[in-house]
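Just below is one structure, and these are the notes that go with it.
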Amino acid sequence: MTERFDSVVVGAGPAGIAAAYTMAKAGLSVLVLEKGEKPGAKNMFGGVIFRHHTEKLAPEFWKTAPIERHVVEYQYWFLSKQSHVLVSHRNQKFNEEYNAFTVHRAKFDPWFAKLAEDAGAVIINRTTADDVLKEDGRIVGVTTERGNVLADVVVAADGVNSMLAKQAGLREETPEGATVLAVKEVIALPRQKIEDRFNLGADEGVAALLVGFGPGMHAGFMYTNRDTLSIGIGVDMRDLDKSKQRPNDLFEEFKAHPSIAPLIKDGDLKEYSAHLIPEGGYDYVSNVSTDGMLVAGDAAMLVNAINWEGTNLAMTSGILAGETVVEAKKKRDFSSRSLDTYRQRLENSFVLQDLKKYRDVPKFFEANPHFFTEYPDMMNDLFYMWHVVDDELKANRIKRMKGYVFKRRSRLSVLKDAYHLWRLFS
Ligand SMILES: Cc1cc2nc3c(=O)[nH]c(=O)nc-3n(C[C@H](O)[C@H](O)[C@H](O)COP(=O)(O)OP(=O)(O)OC[C@H]3O[C@@H](n4cnc5c(N)ncnc54)[C@H](O)[C@@H]3O)c2cc1C
């Protein structure tokens, strides 16, 4: 069986659905292939979706979408083995104007996919695109076990491991350092317990990022859902290789941390999953276009790890890919020259501008792991020293604290670190 469409989109995640919706709304015939039994079946994330970018496709979506809670508080935890320092920002404005929502992808993705279906796209689940189809060097469709699908443009939105981008020669095998492995559990707790433990009102949520805890753990995360908690850690496999730890052992240690354990106490494990995050940044972004094909979302390695953003880059790149195809259709030109405007659209948007701005950050932190080990540890020790009440004169205590800092890191290296941070983020 061979079918023909204006575009075939591979992957029904945020990138693929945004692309399909954009093209279908403009009147193009669009087929979406999804290997899962339904959209979202194979997807996991932290996590939150963002109002601003989701609303570009679905105004006031929270009134009908299966969202869990709207985020009113952002927490940054700096862990040491025994303790934590917590910096958090809660704002009533997040109750008045929503900013981000916690969701379960298994529920949100099918709802999101229906937007594209309602606009006229056809979604076929349980169907894997096995390879790209080429004719005279240009991509003309994809192969599946059910038959071939021909299209003027293939949009590869098949996630972080994108087979299609590799088969099209747009991406190499994923290099070391380009991805972080995340392991996550969804833990069920009564709704009231979640609200009491996190000091939340009904429907209010917390998004928490945790750093520290020692080598191996890149960062941890916690998100409050309606009656579950999403909790996980990201690990750099190279660090684990060195320390001979398994991700799961590190995760168990993380959950047993004296500051974390009370938050998940008496919870029931509902789900365990693992997934890669393309956190390498701008230098690992793949080529995004060739004759007859565009690449969007994680498939093109579009994740901003510094700001914990992924779905919004996926949706935006999907929209921009869709718009590029609509324009190409008007010109009847699906060559790389025509489709290359997609890269320019990405460069003109926040997607590549933000990634470019932070392009040196991943490498900097990789070369300076003490930011995630030594500094959180020092912060905890300093707070401890400050809070212990005894007969020591405060002037002596401050001197002792200064001495402690400069014994662990020289004055010059502290100054250098502060300067580098300022340079990286200003
Ligand atoms: C642990 C973790 C936490 C995260 N937290 C957040 C967060 O809080 N907020 C945020 O914005 N982002 C977060 N992200 C990133 C975010 O999840 C991704 O950036 C986003 O899902 C990318 O969307 P996508 O559509 O490009 O890819 P995906 O969501 O991965 O979708 C790809 C789809 O393609 C399908 N597919 C793959 N191959 C084929 C094939 N050959 N044929 C057919 N179908 C195929 C898959 O089944 C899947 O449905 C997180 C990621 C992880 C792993």
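Letters A, B, ... go to the chains of the structure tokens in the order shown; residues in each chain start at 1; ligands are counted from 1 in the same order.
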
Query - Environment of ligand 1 within 6 Å, counting only C-alpha atoms and all ligand atoms, reported as a ChimeraX atom specification - result: /A:10-16,33-36,39-40,42-49,127-130,157-159,182,275-277,297-299,303,308-312,314

Requested in this report: DSSP on the backbone, then: every residue of stretch 169-382 of chain A marked alpha helix (DSSP H), written as a ChimeraX atom specification.
Outcome: /A:191-197,237-243,247-255,261-264,311-331,336-339,341-348,350-357,361-367,374-382

Counting only C-alpha atoms, which residues in stretch 220-312 of chain A sit no more than 7 Å from stretch 138-152 of chain A? For each one, give the nearest pair of atoms and the distance in Å, sorted by chain then residue number, as JSON lines.
{"residue": "A:Asp291", "atom": "CA", "partner": "A:Arg138", "partner_atom": "CA", "distance": 5.1}
{"residue": "A:Gly292", "atom": "CA", "partner": "A:Ile139", "partner_atom": "CA", "distance": 4.8}
{"residue": "A:Met293", "atom": "CA", "partner": "A:Ile139", "partner_atom": "CA", "distance": 6.4}

**Report entry** Two-atom distance - atom CA of A:Leu313, atom CA of A:Arg51 (Å)
**Finding:**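 Between atom CA of A:Leu313 and atom CA of A:Arg51 the gap works out to 12.7 Å.
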
Stretch 275-426 of chain A: which residues are strand (DSSP E) by DSSP, as a PDB file with all heavy atoms, in the first residue's frame?
ATOM      1  N   HIS A 275      14.502   8.198  30.309  1.00  0.00           N
ATOM      2  CA  HIS A 275      14.476   8.855  28.993  1.00  0.00           C
ATOM      3  C   HIS A 275      15.716   9.725  28.869  1.00  0.00           C
ATOM      4  O   HIS A 275      16.234  10.208  29.873  1.00  0.00           O
ATOM      5  CB  HIS A 275      13.230   9.742  28.920  1.00  0.00           C
ATOM      6  CG  HIS A 275      12.750  10.001  27.524  1.00  0.00           C
ATOM      7  ND1 HIS A 275      13.338  10.922  26.694  1.00  0.00           N
ATOM      8  CD2 HIS A 275      11.732   9.468  26.815  1.00  0.00           C
ATOM      9  CE1 HIS A 275      12.693  10.947  25.533  1.00  0.00           C
ATOM     10  NE2 HIS A 275      11.711  10.056  25.579  1.00  0.00           N
ATOM     11  N   LEU A 276      16.171   9.939  27.640  1.00  0.00           N
ATOM     12  CA  LEU A 276      17.303  10.837  27.437  1.00  0.00           C
ATOM     13  C   LEU A 276      16.808  12.266  27.241  1.00  0.00           C
ATOM     14  O   LEU A 276      15.743  12.489  26.653  1.00  0.00           O
ATOM     15  CB  LEU A 276      18.094  10.417  26.192  1.00  0.00           C
ATOM     16  CG  LEU A 276      18.868   9.105  26.279  1.00  0.00           C
ATOM     17  CD1 LEU A 276      19.506   8.792  24.923  1.00  0.00           C
ATOM     18  CD2 LEU A 276      19.951   9.178  27.357  1.00  0.00           C
ATOM     19  N   ILE A 277      17.593  13.231  27.702  1.00  0.00           N
ATOM     20  CA  ILE A 277      17.299  14.653  27.448  1.00  0.00           C
ATOM     21  C   ILE A 277      18.473  15.219  26.636  1.00  0.00           C
ATOM     22  O   ILE A 277      19.627  15.082  27.061  1.00  0.00           O
ATOM     23  CB  ILE A 277      17.178  15.481  28.743  1.00  0.00           C
ATOM     24  CG1 ILE A 277      16.354  14.739  29.800  1.00  0.00           C
ATOM     25  CG2 ILE A 277      16.585  16.852  28.463  1.00  0.00           C
ATOM     26  CD1 ILE A 277      16.214  15.493  31.115  1.00  0.00           C
ATOM     27  N   SER A 289      17.379  20.759   7.901  1.00  0.00           N
ATOM     28  CA  SER A 289      16.636  20.652   6.642  1.00  0.00           C
ATOM     29  C   SER A 289      17.485  20.039   5.541  1.00  0.00           C
ATOM     30  O   SER A 289      18.721  20.161   5.533  1.00  0.00           O
ATOM     31  CB  SER A 289      16.147  22.040   6.201  1.00  0.00           C
ATOM     32  OG  SER A 289      17.237  22.918   6.053  1.00  0.00           O
ATOM     33  N   THR A 290      16.793  19.370   4.646  1.00  0.00           N
ATOM     34  CA  THR A 290      17.422  18.862   3.430  1.00  0.00           C
ATOM     35  C   THR A 290      16.310  18.766   2.381  1.00  0.00           C
ATOM     36  O   THR A 290      15.162  19.100   2.673  1.00  0.00           O
ATOM     37  CB  THR A 290      18.114  17.501   3.680  1.00  0.00           C
ATOM     38  OG1 THR A 290      18.781  17.100   2.492  1.00  0.00           O
ATOM     39  CG2 THR A 290      17.112  16.410   4.058  1.00  0.00           C
ATOM     40  N   MET A 293      12.826  17.275   3.549  1.00  0.00           N
ATOM     41  CA  MET A 293      12.693  16.913   4.970  1.00  0.00           C
ATOM     42  C   MET A 293      13.112  18.037   5.934  1.00  0.00           C
ATOM     43  O   MET A 293      14.068  18.770   5.655  1.00  0.00           O
ATOM     44  CB  MET A 293      13.535  15.680   5.281  1.00  0.00           C
ATOM     45  CG  MET A 293      13.382  15.206   6.708  1.00  0.00           C
ATOM     46  SD  MET A 293      13.917  13.493   6.851  1.00  0.00           S
ATOM     47  CE  MET A 293      14.767  13.552   8.393  1.00  0.00           C
ATOM     48  N   LEU A 294      12.372  18.146   7.037  1.00  0.00           N
ATOM     49  CA  LEU A 294      12.703  19.077   8.126  1.00  0.00           C
ATOM     50  C   LEU A 294      12.755  18.284   9.432  1.00  0.00           C
ATOM     51  O   LEU A 294      12.084  17.254   9.559  1.00  0.00           O
ATOM     52  CB  LEU A 294      11.636  20.165   8.241  1.00  0.00           C
ATOM     53  CG  LEU A 294      11.441  21.085   7.034  1.00  0.00           C
ATOM     54  CD1 LEU A 294      10.261  22.025   7.263  1.00  0.00           C
ATOM     55  CD2 LEU A 294      12.708  21.896   6.782  1.00  0.00           C
ATOM     56  N   VAL A 295      13.514  18.795  10.394  1.00  0.00           N
ATOM     57  CA  VAL A 295      13.627  18.118  11.698  1.00  0.00           C
ATOM     58  C   VAL A 295      13.210  19.103  12.795  1.00  0.00           C
ATOM     59  O   VAL A 295      13.657  20.258  12.795  1.00  0.00           O
ATOM     60  CB  VAL A 295      15.076  17.644  11.968  1.00  0.00           C
ATOM     61  CG1 VAL A 295      15.125  16.744  13.190  1.00  0.00           C
ATOM     62  CG2 VAL A 295      15.652  16.932  10.756  1.00  0.00           C
TER      63      VAL A 295
END
